[in-house]
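What follows is the content of data02.txt, which has compact mmCIF, C-alpha atoms and all ligand atoms:
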# COMPACT_ATOMS: atom_id res chain seq x y z
CA MET A 96 -164.54 4.39 130.51
CA THR A 97 -166.49 2.98 127.60
CA ALA A 98 -165.95 -0.26 125.72
CA SER A 99 -165.06 0.10 122.08
CA HIS A 100 -164.84 -2.73 119.59
CA ARG A 101 -162.59 -1.19 116.98
CA ALA A 102 -160.41 1.30 118.77
CA PRO A 103 -158.97 3.77 116.29
CA ARG A 104 -155.36 4.80 116.62
CA SER A 105 -155.32 7.70 119.07
CA ALA A 106 -154.16 11.11 117.95
CA GLY A 107 -150.43 11.60 118.20
CA SER A 108 -149.79 7.94 118.93
CA SER A 109 -147.28 6.02 116.93
CA ARG A 110 -148.65 2.70 118.12
CA SER A 111 -150.87 0.60 115.87
CA SER A 112 -154.14 -0.75 117.21
CA ALA A 113 -154.26 -4.51 117.61
CA ILE A 114 -156.32 -7.53 118.55
CA LEU A 115 -153.97 -9.75 120.54
CA ILE A 116 -154.31 -13.54 120.37
CA THR A 117 -152.29 -15.77 122.66
CA GLY A 118 -151.90 -19.49 122.05
CA ALA A 119 -152.56 -18.59 118.44
CA GLY A 120 -151.13 -21.83 117.07
CA GLY A 121 -153.54 -24.01 119.04
CA GLU A 122 -156.80 -25.53 117.85
CA VAL A 123 -159.02 -22.59 118.75
CA GLY A 124 -156.44 -20.07 117.55
CA HIS A 125 -156.41 -21.56 114.06
CA GLY A 126 -160.16 -21.26 113.63
CA LEU A 127 -160.40 -17.90 115.36
CA ILE A 128 -157.70 -16.19 113.29
CA ARG A 129 -159.35 -17.34 110.07
CA ALA A 130 -162.76 -16.16 111.24
CA LEU A 131 -161.43 -12.77 112.38
CA TRP A 132 -159.64 -12.33 109.06
CA ASP A 133 -162.82 -13.28 107.16
CA GLY A 134 -164.64 -10.68 109.25
CA GLY A 135 -162.23 -7.98 108.08
CA ALA A 136 -159.68 -7.84 110.90
CA ARG A 137 -156.31 -6.74 109.56
CA ASP A 138 -154.68 -5.94 112.88
CA ILE A 139 -154.20 -9.38 114.40
CA VAL A 140 -151.10 -9.72 116.56
CA ALA A 141 -150.45 -13.32 117.56
CA ILE A 142 -148.22 -14.99 120.14
CA ASP A 143 -147.45 -18.65 120.46
CA ILE A 144 -144.68 -20.68 122.03
CA ARG A 145 -144.03 -22.19 118.58
CA GLU A 146 -143.72 -20.71 115.11
CA LEU A 147 -147.20 -20.46 113.55
CA ASP A 148 -148.16 -22.40 110.44
CA PRO A 149 -147.42 -20.19 107.42
CA ASP A 150 -151.08 -20.08 106.33
CA ILE A 151 -152.11 -18.69 109.75
CA ARG A 152 -149.09 -16.41 109.96
CA ALA A 153 -150.10 -14.84 106.68
CA LEU A 154 -153.35 -13.63 108.27
CA CYS A 155 -151.60 -11.80 111.11
CA SER A 156 -150.07 -8.34 110.94
CA LYS A 157 -147.35 -9.48 113.36
CA THR A 158 -146.47 -12.71 115.12
CA PHE A 159 -144.28 -13.33 118.14
CA VAL A 160 -142.73 -16.64 119.12
CA GLY A 161 -142.43 -16.65 122.88
CA ASP A 162 -143.77 -17.46 126.29
CA ILE A 163 -146.77 -15.53 127.62
CA CYS A 164 -145.06 -15.62 131.04
CA ASP A 165 -142.19 -13.56 129.57
CA ALA A 166 -142.71 -10.09 131.08
CA MET A 167 -140.20 -8.53 128.66
CA LEU A 168 -142.15 -9.81 125.68
CA LEU A 169 -145.41 -8.46 127.08
CA GLY A 170 -143.66 -5.17 127.82
CA ARG A 171 -142.48 -4.92 124.22
CA LEU A 172 -146.01 -5.50 123.04
CA LEU A 173 -147.29 -2.74 125.25
CA ALA A 174 -144.76 -0.39 123.72
CA MET A 175 -145.61 -1.33 120.15
CA TYR A 176 -149.39 -1.72 120.12
CA GLU A 177 -152.61 -0.26 121.37
CA VAL A 178 -154.36 -3.49 122.18
CA TYR A 179 -158.13 -3.08 122.36
CA GLU A 180 -159.16 -6.74 122.40
CA ILE A 181 -157.43 -9.87 123.72
CA PHE A 182 -158.35 -13.48 123.07
CA HIS A 183 -156.26 -15.27 125.67
CA LEU A 184 -156.19 -18.86 124.45
CA ALA A 185 -152.79 -20.08 125.66
CA ALA A 186 -152.98 -22.85 128.27
CA LEU A 187 -151.70 -26.29 129.16
CA LEU A 188 -154.68 -28.67 128.89
CA SER A 189 -155.96 -31.00 131.59
CA THR A 190 -154.01 -34.22 130.98
CA ARG A 191 -150.71 -32.47 130.31
CA SER A 192 -151.15 -30.26 133.37
CA GLU A 193 -151.36 -33.28 135.69
CA PHE A 194 -147.79 -34.27 134.78
CA THR A 195 -146.40 -30.84 135.65
CA PRO A 196 -148.98 -29.14 137.86
CA GLU A 197 -146.74 -26.28 139.00
CA THR A 198 -145.69 -25.44 135.44
CA ALA A 199 -149.35 -25.59 134.45
CA HIS A 200 -150.15 -23.13 137.22
CA GLU A 201 -147.41 -20.81 136.05
CA VAL A 202 -148.63 -20.82 132.45
CA ASN A 203 -152.37 -20.98 133.07
CA VAL A 204 -152.56 -18.56 136.00
CA GLY A 205 -149.30 -16.62 135.75
CA GLY A 206 -149.82 -16.06 132.03
CA THR A 207 -153.38 -14.89 132.59
CA ILE A 208 -152.61 -12.42 135.36
CA GLY A 209 -149.72 -11.00 133.31
CA LEU A 210 -152.10 -10.39 130.43
CA LEU A 211 -154.82 -8.93 132.63
CA ARG A 212 -152.25 -6.50 133.96
CA LEU A 213 -151.09 -5.68 130.44
CA ALA A 214 -154.72 -5.11 129.44
CA ALA A 215 -155.29 -2.80 132.40
CA GLU A 216 -152.14 -0.80 131.54
CA GLN A 217 -153.25 -0.60 127.93
CA ALA A 218 -156.69 0.64 128.91
CA ARG A 219 -155.18 3.29 131.16
CA SER A 220 -152.83 4.45 128.44
CA HIS A 221 -155.35 4.69 125.58
CA GLY A 222 -158.37 5.55 127.70
CA LYS A 223 -160.74 2.81 126.57
CA SER A 224 -161.76 -0.51 128.11
CA VAL A 225 -159.91 -3.53 126.77
CA LYS A 226 -162.06 -6.52 125.95
CA PHE A 227 -160.58 -9.66 127.42
CA ILE A 228 -162.10 -12.83 125.98
CA PHE A 229 -161.19 -15.94 127.92
CA PRO A 230 -162.05 -19.57 127.23
CA SER A 231 -162.60 -21.44 130.45
CA SER A 232 -163.57 -25.07 130.44
CA ILE A 233 -165.89 -27.83 131.53
CA ALA A 234 -162.89 -28.81 133.66
CA ALA A 235 -163.91 -26.01 136.05
CA TYR A 236 -166.52 -28.47 137.32
CA GLY A 237 -165.98 -31.39 139.66
CA VAL A 238 -168.92 -33.68 140.35
CA PRO A 239 -168.13 -35.99 143.23
CA ASP A 240 -169.31 -39.34 141.78
CA LEU A 241 -171.17 -40.98 138.92
CA ALA A 242 -174.48 -41.20 140.77
CA THR A 243 -174.38 -37.43 141.39
CA LYS A 244 -173.34 -36.83 137.78
CA ALA A 245 -176.36 -38.81 136.51
CA ARG A 246 -178.68 -37.05 138.94
CA ALA A 247 -177.31 -33.57 138.19
CA GLY A 248 -177.90 -33.73 134.42
CA ARG A 249 -177.48 -30.21 132.97
CA VAL A 250 -175.55 -28.17 135.50
CA ARG A 251 -175.61 -24.41 135.87
CA GLU A 252 -172.48 -22.25 135.96
CA GLU A 253 -172.36 -22.00 139.74
CA GLN A 254 -173.01 -25.66 140.58
CA PHE A 255 -170.32 -28.26 141.40
CA VAL A 256 -167.39 -25.91 140.94
CA GLU A 257 -164.89 -28.10 142.79
CA PRO A 258 -162.47 -29.15 140.05
CA THR A 259 -160.20 -32.14 140.56
CA THR A 260 -157.49 -31.16 138.06
CA MET A 261 -154.84 -28.44 138.17
CA TYR A 262 -156.12 -27.21 134.80
CA GLY A 263 -159.68 -27.00 136.15
CA CYS A 264 -158.52 -25.16 139.29
CA ASN A 265 -156.50 -22.77 137.11
CA LYS A 266 -159.44 -22.04 134.79
CA LEU A 267 -161.86 -21.50 137.69
CA TYR A 268 -159.43 -19.17 139.44
CA CYS A 269 -158.82 -17.23 136.21
CA GLU A 270 -162.58 -16.73 135.90
CA HIS A 271 -162.42 -15.08 139.34
CA LEU A 272 -159.33 -13.07 138.36
CA GLY A 273 -161.18 -11.78 135.30
CA ARG A 274 -164.12 -10.73 137.44
CA TYR A 275 -161.77 -9.05 139.91
CA TYR A 276 -159.93 -7.09 137.20
CA ALA A 277 -163.22 -6.10 135.57
CA LYS A 278 -164.98 -4.95 138.73
CA HIS A 279 -162.66 -4.47 141.67
CA TYR A 280 -159.10 -3.95 140.43
CA ARG A 281 -157.15 -1.64 142.77
CA GLN A 282 -160.36 -0.84 144.61
CA LEU A 283 -158.63 1.14 147.37
CA ALA A 284 -156.31 3.20 145.16
CA LYS A 285 -156.94 6.97 145.19
CA ASP A 286 -156.30 7.21 141.46
CA ARG A 287 -158.42 4.18 140.58
CA VAL A 288 -159.97 4.13 137.11
CA ALA A 289 -163.07 1.94 136.80
CA ASP A 290 -163.92 -0.45 133.96
CA LEU A 291 -160.44 -0.89 132.57
CA ILE A 292 -161.17 -4.49 131.59
CA ASP A 293 -164.29 -5.84 129.93
CA PHE A 294 -163.88 -9.52 130.86
CA ARG A 295 -165.98 -12.09 129.00
CA CYS A 296 -165.65 -15.83 129.38
CA VAL A 297 -167.14 -19.05 128.04
CA ARG A 298 -166.72 -22.49 129.51
CA PHE A 299 -166.01 -24.71 126.54
CA PRO A 300 -167.07 -28.35 126.62
CA GLY A 301 -164.93 -30.85 124.68
CA LEU A 302 -164.14 -29.40 121.25
CA ILE A 303 -163.97 -31.35 118.00
CA SER A 304 -162.18 -29.93 115.00
CA ALA A 305 -161.87 -31.41 111.53
CA ASP A 306 -158.60 -29.56 110.93
CA THR A 307 -156.54 -30.13 114.04
CA LEU A 308 -156.13 -32.56 116.92
CA PRO A 309 -155.90 -31.35 120.51
CA SER A 310 -152.73 -31.93 122.47
CA GLY A 311 -152.86 -32.99 126.08
CA GLY A 312 -156.58 -32.75 126.86
CA THR A 313 -158.82 -35.35 128.46
CA SER A 314 -161.79 -34.92 126.12
CA ASP A 315 -159.41 -35.89 123.31
CA TYR A 316 -160.94 -39.37 122.91
CA ALA A 317 -163.72 -37.98 120.70
CA PRO A 318 -161.58 -36.17 118.12
CA GLU A 319 -158.91 -38.90 118.28
CA MET A 320 -161.50 -41.59 117.51
CA ILE A 321 -162.82 -39.71 114.49
CA HIS A 322 -159.43 -38.77 113.03
CA ALA A 323 -158.08 -42.31 113.55
CA ALA A 324 -161.02 -43.80 111.62
CA ALA A 325 -160.52 -41.35 108.76
CA LYS A 326 -156.83 -42.28 108.59
CA GLY A 327 -157.68 -45.99 108.60
CA GLU A 328 -155.98 -46.47 112.00
CA SER A 329 -157.38 -48.51 114.88
CA TYR A 330 -158.21 -46.64 118.09
CA ALA A 331 -158.31 -47.78 121.71
CA CYS A 332 -160.58 -45.33 123.52
CA PHE A 333 -159.22 -44.40 126.96
CA VAL A 334 -162.67 -44.03 128.59
CA ARG A 335 -165.63 -46.42 129.04
CA ALA A 336 -168.32 -46.56 126.36
CA ASP A 337 -170.91 -45.09 128.76
CA THR A 338 -168.79 -41.98 129.48
CA LYS A 339 -170.77 -38.84 128.78
CA ILE A 340 -169.73 -35.18 128.55
CA PRO A 341 -170.87 -32.36 126.25
CA PHE A 342 -169.11 -31.43 123.01
CA LEU A 343 -169.12 -28.59 120.51
CA THR A 344 -167.69 -28.46 117.00
CA MET A 345 -164.87 -26.00 116.40
CA PRO A 346 -166.90 -23.76 114.00
CA ASP A 347 -169.63 -23.48 116.65
CA ALA A 348 -167.01 -22.73 119.31
CA ILE A 349 -165.51 -19.93 117.19
CA ASP A 350 -168.94 -18.48 116.38
CA ALA A 351 -169.71 -18.46 120.11
CA LEU A 352 -166.45 -16.67 120.98
CA LEU A 353 -167.12 -14.01 118.35
CA ALA A 354 -170.77 -13.61 119.34
CA LEU A 355 -169.66 -13.07 122.94
CA ALA A 356 -166.96 -10.62 121.87
CA HIS A 357 -169.38 -8.60 119.75
CA ALA A 358 -172.33 -8.60 122.18
CA ASP A 359 -173.51 -5.32 123.69
CA LYS A 360 -172.12 -5.16 127.17
CA GLU A 361 -175.51 -4.18 128.56
CA ARG A 362 -176.96 -7.49 127.39
CA LEU A 363 -174.42 -9.58 129.29
CA SER A 364 -175.91 -10.50 132.64
CA ARG A 365 -172.85 -12.47 133.76
CA GLN A 366 -169.18 -12.87 132.98
CA VAL A 367 -168.91 -16.64 132.67
CA TYR A 368 -171.16 -18.61 130.32
CA ASN A 369 -171.64 -22.34 129.77
CA LEU A 370 -171.75 -23.63 126.19
CA SER A 371 -172.82 -27.01 124.91
CA ALA A 372 -174.20 -28.55 121.73
CA PHE A 373 -174.56 -32.31 122.16
CA SER A 374 -173.80 -34.84 124.87
CA PRO A 375 -173.07 -38.23 123.38
CA THR A 376 -171.57 -41.17 125.25
CA ALA A 377 -168.22 -42.38 123.95
CA GLY A 378 -170.11 -45.45 122.67
CA GLU A 379 -172.52 -43.24 120.72
CA ILE A 380 -169.56 -41.39 119.19
CA ALA A 381 -168.11 -44.76 118.15
CA THR A 382 -171.43 -45.71 116.55
CA LEU A 383 -171.51 -42.46 114.57
CA VAL A 384 -167.91 -42.98 113.50
CA ARG A 385 -168.70 -46.54 112.34
CA THR A 386 -171.74 -45.27 110.40
CA HIS A 387 -169.50 -42.98 108.35
CA PHE A 388 -166.35 -45.12 108.37
CA PRO A 389 -167.67 -48.71 108.37
CA SER A 390 -164.21 -50.24 108.62
CA ALA A 391 -163.30 -48.22 111.75
CA GLN A 392 -161.60 -50.35 114.41
CA ILE A 393 -162.58 -48.95 117.81
CA THR A 394 -162.05 -50.68 121.13
CA PHE A 395 -162.53 -49.44 124.68
CA ARG A 396 -159.55 -49.70 126.99
CA PRO A 397 -160.25 -47.28 129.86
CA ASP A 398 -157.35 -45.61 131.59
CA GLU A 399 -158.44 -45.45 135.22
CA GLN A 400 -156.94 -42.04 135.95
CA ARG A 401 -158.07 -40.22 132.84
CA GLN A 402 -161.47 -41.89 133.23
CA ALA A 403 -161.76 -40.40 136.72
CA ILE A 404 -161.13 -36.94 135.32
CA VAL A 405 -163.84 -37.25 132.66
CA ASP A 406 -166.21 -38.78 135.22
CA SER A 407 -165.80 -35.63 137.32
CA TRP A 408 -167.11 -33.45 134.47
CA PRO A 409 -170.88 -33.06 134.13
CA GLU A 410 -172.77 -34.98 131.48
CA ASP A 411 -174.32 -31.76 130.22
CA VAL A 412 -174.40 -28.06 131.05
CA ASP A 413 -177.18 -25.51 131.12
CA ASP A 414 -176.20 -22.91 128.52
CA SER A 415 -179.48 -20.98 128.51
CA ALA A 416 -177.74 -17.77 129.67
CA ALA A 417 -175.44 -17.80 126.60
CA ARG A 418 -178.45 -18.39 124.34
CA ARG A 419 -180.38 -15.56 125.93
CA ASP A 420 -177.63 -12.96 126.41
CA PHE A 421 -175.52 -13.21 123.26
CA GLY A 422 -177.64 -15.36 121.00
CA PHE A 423 -175.54 -18.52 121.10
CA VAL A 424 -176.97 -21.12 118.71
CA GLN A 425 -175.07 -24.13 117.50
CA LYS A 426 -175.20 -25.21 113.86
CA HIS A 427 -174.31 -28.79 114.69
CA ASP A 428 -176.00 -31.40 116.80
CA ALA A 429 -174.23 -34.77 116.87
CA ALA A 430 -175.69 -36.03 113.56
CA ALA A 431 -175.10 -32.73 111.74
CA ALA A 432 -171.61 -32.44 113.19
CA PHE A 433 -170.64 -35.70 111.50
CA ARG A 434 -172.69 -35.34 108.32
CA ASP A 435 -172.14 -31.69 107.48
CA TYR A 436 -168.79 -30.85 109.03
CA LEU A 437 -166.50 -33.57 110.37
CA VAL A 438 -166.83 -36.31 107.79
CA PRO A 439 -166.54 -34.20 104.62
CA ALA A 440 -163.72 -32.04 106.00
CA ILE A 441 -161.73 -34.91 107.54
CA ARG A 442 -162.12 -37.10 104.45
CA ALA A 443 -160.83 -34.25 102.29
CA ARG A 444 -157.97 -33.66 104.69
CA TYR A 445 -156.64 -37.23 104.73
CA SER A 446 -157.24 -37.92 101.05
CA ARG A 447 -154.89 -35.07 100.12
N1 LIG A 501 -160.66 -30.14 126.26
C1 LIG A 501 -160.08 -29.76 127.51
C2 LIG A 501 -159.28 -30.82 128.09
O1 LIG A 501 -159.60 -31.96 127.85
C3 LIG A 501 -161.19 -29.41 128.49
O2 LIG A 501 -161.41 -28.07 128.35
O3 LIG A 501 -158.36 -30.54 128.79

Re-express the file's structure as structure tokens.
Amino acid sequence: MTASHRAPRSAGSSRSSAILITGAGGEVGHGLIRALWDGGARDIVAIDIRELDPDIRALCSKTFVGDICDAMLLGRLLAMYEVYEIFHLAALLSTRSEFTPETAHEVNVGGTIGLLRLAAEQARSHGKSVKFIFPSSIAAYGVPDLATKARAGRVREEQFVEPTTMYGCNKLYCEHLGRYYAKHYRQLAKDRVADLIDFRCVRFPGLISADTLPSGGTSDYAPEMIHAAAKGESYACFVRADTKIPFLTMPDAIDALLALAHADKERLSRQVYNLSAFSPTAGEIATLVRTHFPSAQITFRPDEQRQAIVDSWPEDVDDSAARRDFGFVQKHDAAAAFRDYLVPAIRARYSR
């Protein structure tokens, strides 16, 4: 079976071809749908648990409000569309997941396996591999203590994969599920078809968007600090000033997802790729915020439990495989992120 980016409608089929996006109303979904539309995609089918914003809905050929764990909904999709590419973005983030770990598991793992199965059925029925693009997370890591974190520096994909959060465990396991479906799915079946799923995954660091705020993550202190300053609100940062993890701006995150999706399969030496752009401490983020918003009121009031989660994430990741294999390059380092992207866009947003 061969991978195909734009799968044409197959002869005699009454089903339309589609790129399926789950969690479409989230932060990544917003940016991704716009970028896909700008790139000419007119067959975007989106699912989210909530009604999408009208401006995003207008860019989709069809939207569904519903739960990705709803087998009937997925079944209806299968009947209506020939899905050739899936961006599976729906998930409960790390902080939220700790309040309802079992629900998080159901959504994050149950939702993913349901979609992998749907993708495999789709591939069988239309005879082409389905690309399955999955954002994993820095939360897949778990460094044991701060001394190890400082010593480890930039960690590779296979180091320290002992996550401490349900979300991190879910993401790490879904990376394995993706590999299983891509390479070993139904390996003992007599009628096995190989290469049904073309699974591709990035581990996102903290993401910072000028347009949206995350909901329920633990890297949220960075975007919250910036948006609060722009709104003229004070902000009490829930981690220490010396807390350090990598970040990426949303436009760079979207470019990376699309570069991975469009890469020649032969060039991809692995299925899971680290991504990172800059690794500021929370104190350095505050300094940048104060440079651009001199009246910003930022204090540090660490929350012990959320601090422990961020402390278990590496201070930087080695993303050389992504740079080599699919040409990942970020537009924004920390200074450029503020100067060229965040500050102008956020100012415009809150002055409206
Ligand atoms: N931003 C996510 C979170 O904080 C990590 O991937 O949960």

**Report entry** Counting all atoms listed in the file, the residue of A:Tyr316, A:Pro239, A:Ser189, A:Ala305 that sits nearest A:Ala443
**Finding:**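 For A:Ala443, the nearest of the candidates is A:Ala305.
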
Report task. Excluding A:Leu352 and any residue of its chain fewer than 6 positions from it, enumerate the residues within 9 Å of it, using only C-alpha atoms, and give them as a VMD selection string. Result -> chain A and resid 127 182 228 to 230 296 to 297

Requested in this report: Let me have all residues with an atom within 10 Å of ligand LIG 501 (chain A), counting only C-alpha atoms and all ligand atoms, laid out as a ChimeraX atom specification.
Outcome: /A:186-192,230-235,260,262-263,266,298-303,309-316,342,401,404-405,408

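Proximity to A:Glu257 was assessed for A:Ala284, A:Gly237, A:Glu410, A:Pro439 counting only C-alpha atoms; the smallest distance is recorded for A:Gly237.
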
List the neighbours of A:Ala136 out to 12 Å using all atoms listed in the file; skip same-chain residues closer than 3 positions along the sequence, and give me the result as a PDB file with C-alpha atoms, in the coordinates of the input.
ATOM      1  CA  HIS A 100    -164.840  -2.730 119.590  1.00  0.00           C
ATOM      2  CA  ARG A 101    -162.590  -1.190 116.980  1.00  0.00           C
ATOM      3  CA  SER A 112    -154.140  -0.750 117.210  1.00  0.00           C
ATOM      4  CA  ALA A 113    -154.260  -4.510 117.610  1.00  0.00           C
ATOM      5  CA  ILE A 114    -156.320  -7.530 118.550  1.00  0.00           C
ATOM      6  CA  LEU A 115    -153.970  -9.750 120.540  1.00  0.00           C
ATOM      7  CA  LEU A 127    -160.400 -17.900 115.360  1.00  0.00           C
ATOM      8  CA  ILE A 128    -157.700 -16.190 113.290  1.00  0.00           C
ATOM      9  CA  ARG A 129    -159.350 -17.340 110.070  1.00  0.00           C
ATOM     10  CA  ALA A 130    -162.760 -16.160 111.240  1.00  0.00           C
ATOM     11  CA  LEU A 131    -161.430 -12.770 112.380  1.00  0.00           C
ATOM     12  CA  TRP A 132    -159.640 -12.330 109.060  1.00  0.00           C
ATOM     13  CA  ASP A 133    -162.820 -13.280 107.160  1.00  0.00           C
ATOM     14  CA  ILE A 139    -154.200  -9.380 114.400  1.00  0.00           C
ATOM     15  CA  VAL A 140    -151.100  -9.720 116.560  1.00  0.00           C
ATOM     16  CA  LEU A 154    -153.350 -13.630 108.270  1.00  0.00           C
ATOM     17  CA  CYS A 155    -151.600 -11.800 111.110  1.00  0.00           C
ATOM     18  CA  SER A 156    -150.070  -8.340 110.940  1.00  0.00           C
ATOM     19  CA  GLU A 180    -159.160  -6.740 122.400  1.00  0.00           C
TER      20      GLU A 180
END

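Of the residues listed (A:Ala325, A:Ala215, A:Leu353, A:Leu291), A:Ala325 shows the shortest atom-to-atom separation from A:Phe433; distances use all atoms listed in the file.
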
Report summary line: In Å and to one decimal, atom CA of A:Ile393 is distant from atom CA of A:Pro375 by 16.0 Å

For A:Gly205, please output as a compact mmCIF listing (two decimals) with C-alpha atoms, keeping the file's coordinate frame all residues within 12 Å (counting all atoms listed in the file; exclusion window: fewer than 6 positions along the same chain).
# COMPACT_ATOMS: atom_id res chain seq x y z
CA ASP A 162 -143.77 -17.46 126.29
CA ILE A 163 -146.77 -15.53 127.62
CA CYS A 164 -145.06 -15.62 131.04
CA ASP A 165 -142.19 -13.56 129.57
CA ALA A 166 -142.71 -10.09 131.08
CA ALA A 185 -152.79 -20.08 125.66
CA ALA A 186 -152.98 -22.85 128.27
CA LEU A 187 -151.70 -26.29 129.16
CA GLU A 197 -146.74 -26.28 139.00
CA THR A 198 -145.69 -25.44 135.44
CA ALA A 199 -149.35 -25.59 134.45
CA LEU A 211 -154.82 -8.93 132.63
CA ARG A 212 -152.25 -6.50 133.96
CA ASN A 265 -156.50 -22.77 137.11
CA LYS A 266 -159.44 -22.04 134.79
CA TYR A 268 -159.43 -19.17 139.44
CA CYS A 269 -158.82 -17.23 136.21
CA LEU A 272 -159.33 -13.07 138.36

Which protein, DNA or RNA residues have an atom at most 8 Å from (-160.1, -43.9, 125.1), counting only C-alpha atoms? List them as an mmCIF file with C-alpha atoms, in the coordinates of the input.
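Saved to result04.cif:
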data_model
loop_
_atom_site.group_PDB
_atom_site.id
_atom_site.type_symbol
_atom_site.label_atom_id
_atom_site.label_comp_id
_atom_site.auth_asym_id
_atom_site.auth_seq_id
_atom_site.Cartn_x
_atom_site.Cartn_y
_atom_site.Cartn_z
ATOM 1 C CA TYR A 316 -160.940 -39.370 122.910
ATOM 2 C CA TYR A 330 -158.210 -46.640 118.090
ATOM 3 C CA ALA A 331 -158.310 -47.780 121.710
ATOM 4 C CA CYS A 332 -160.580 -45.330 123.520
ATOM 5 C CA PHE A 333 -159.220 -44.400 126.960
ATOM 6 C CA VAL A 334 -162.670 -44.030 128.590
ATOM 7 C CA ARG A 335 -165.630 -46.420 129.040
ATOM 8 C CA PHE A 395 -162.530 -49.440 124.680
ATOM 9 C CA ARG A 396 -159.550 -49.700 126.990
ATOM 10 C CA PRO A 397 -160.250 -47.280 129.860
ATOM 11 C CA ASP A 398 -157.350 -45.610 131.590
#

Query raised in the report: Between A:Lys326, A:Asn203, A:Asp306, A:Lys226, which one has atoms that come closest to A:Ala277, using only C-alpha atoms?
Result: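 Among the listed residues, the smallest separation from A:Ala277 belongs to A:Lys226.
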
Since the input lacks some atoms of stretch 254-259 of chain A, please model all heavy atoms and print them as a PDB file, keeping the file's coordinate frame.
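What ended up in result_0.pdb:
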ATOM      1  N   GLN A 254    -172.912 -24.389 139.876  1.00  0.00           N
ATOM      2  CA  GLN A 254    -173.010 -25.660 140.580  1.00  0.00           C
ATOM      3  C   GLN A 254    -171.719 -26.479 140.459  1.00  0.00           C
ATOM      4  O   GLN A 254    -171.063 -26.439 139.418  1.00  0.00           O
ATOM      5  CB  GLN A 254    -174.151 -26.501 139.981  1.00  0.00           C
ATOM      6  CG  GLN A 254    -175.536 -25.945 140.230  1.00  0.00           C
ATOM      7  CD  GLN A 254    -176.584 -26.845 139.602  1.00  0.00           C
ATOM      8  OE1 GLN A 254    -176.684 -26.963 138.389  1.00  0.00           O
ATOM      9  NE2 GLN A 254    -177.359 -27.503 140.455  1.00  0.00           N
ATOM     10  N   PHE A 255    -171.408 -27.256 141.432  1.00  0.00           N
ATOM     11  CA  PHE A 255    -170.320 -28.260 141.400  1.00  0.00           C
ATOM     12  C   PHE A 255    -168.967 -27.699 140.957  1.00  0.00           C
ATOM     13  O   PHE A 255    -168.218 -28.367 140.261  1.00  0.00           O
ATOM     14  CB  PHE A 255    -170.689 -29.434 140.465  1.00  0.00           C
ATOM     15  CG  PHE A 255    -171.937 -30.159 140.879  1.00  0.00           C
ATOM     16  CD1 PHE A 255    -173.107 -30.030 140.145  1.00  0.00           C
ATOM     17  CD2 PHE A 255    -171.936 -30.970 141.998  1.00  0.00           C
ATOM     18  CE1 PHE A 255    -174.264 -30.690 140.526  1.00  0.00           C
ATOM     19  CE2 PHE A 255    -173.093 -31.642 142.385  1.00  0.00           C
ATOM     20  CZ  PHE A 255    -174.260 -31.502 141.646  1.00  0.00           C
ATOM     21  N   VAL A 256    -168.669 -26.480 141.371  1.00  0.00           N
ATOM     22  CA  VAL A 256    -167.390 -25.910 140.940  1.00  0.00           C
ATOM     23  C   VAL A 256    -166.269 -26.288 141.925  1.00  0.00           C
ATOM     24  O   VAL A 256    -165.722 -25.443 142.624  1.00  0.00           O
ATOM     25  CB  VAL A 256    -167.476 -24.382 140.705  1.00  0.00           C
ATOM     26  CG1 VAL A 256    -167.965 -24.102 139.302  1.00  0.00           C
ATOM     27  CG2 VAL A 256    -168.367 -23.705 141.726  1.00  0.00           C
ATOM     28  N   GLU A 257    -165.989 -27.587 141.958  1.00  0.00           N
ATOM     29  CA  GLU A 257    -164.890 -28.100 142.790  1.00  0.00           C
ATOM     30  C   GLU A 257    -164.021 -28.995 141.921  1.00  0.00           C
ATOM     31  O   GLU A 257    -164.057 -30.219 142.014  1.00  0.00           O
ATOM     32  CB  GLU A 257    -165.446 -28.889 143.978  1.00  0.00           C
ATOM     33  CG  GLU A 257    -166.084 -27.991 145.001  1.00  0.00           C
ATOM     34  CD  GLU A 257    -166.392 -28.712 146.295  1.00  0.00           C
ATOM     35  OE1 GLU A 257    -165.711 -29.698 146.625  1.00  0.00           O
ATOM     36  OE2 GLU A 257    -167.332 -28.275 146.959  1.00  0.00           O
ATOM     37  N   PRO A 258    -163.238 -28.369 141.023  1.00  0.00           N
ATOM     38  CA  PRO A 258    -162.470 -29.150 140.050  1.00  0.00           C
ATOM     39  C   PRO A 258    -161.438 -30.062 140.703  1.00  0.00           C
ATOM     40  O   PRO A 258    -160.892 -29.739 141.754  1.00  0.00           O
ATOM     41  CB  PRO A 258    -161.783 -28.074 139.206  1.00  0.00           C
ATOM     42  CG  PRO A 258    -161.835 -26.820 140.014  1.00  0.00           C
ATOM     43  CD  PRO A 258    -163.038 -26.926 140.887  1.00  0.00           C
ATOM     44  N   THR A 259    -161.178 -31.173 140.025  1.00  0.00           N
ATOM     45  CA  THR A 259    -160.200 -32.140 140.560  1.00  0.00           C
ATOM     46  C   THR A 259    -158.858 -32.038 139.851  1.00  0.00           C
ATOM     47  O   THR A 259    -157.926 -32.728 140.244  1.00  0.00           O
ATOM     48  CB  THR A 259    -160.713 -33.587 140.398  1.00  0.00           C
ATOM     49  OG1 THR A 259    -160.773 -33.890 138.997  1.00  0.00           O
ATOM     50  CG2 THR A 259    -162.078 -33.786 141.019  1.00  0.00           C
TER      51      THR A 259
END
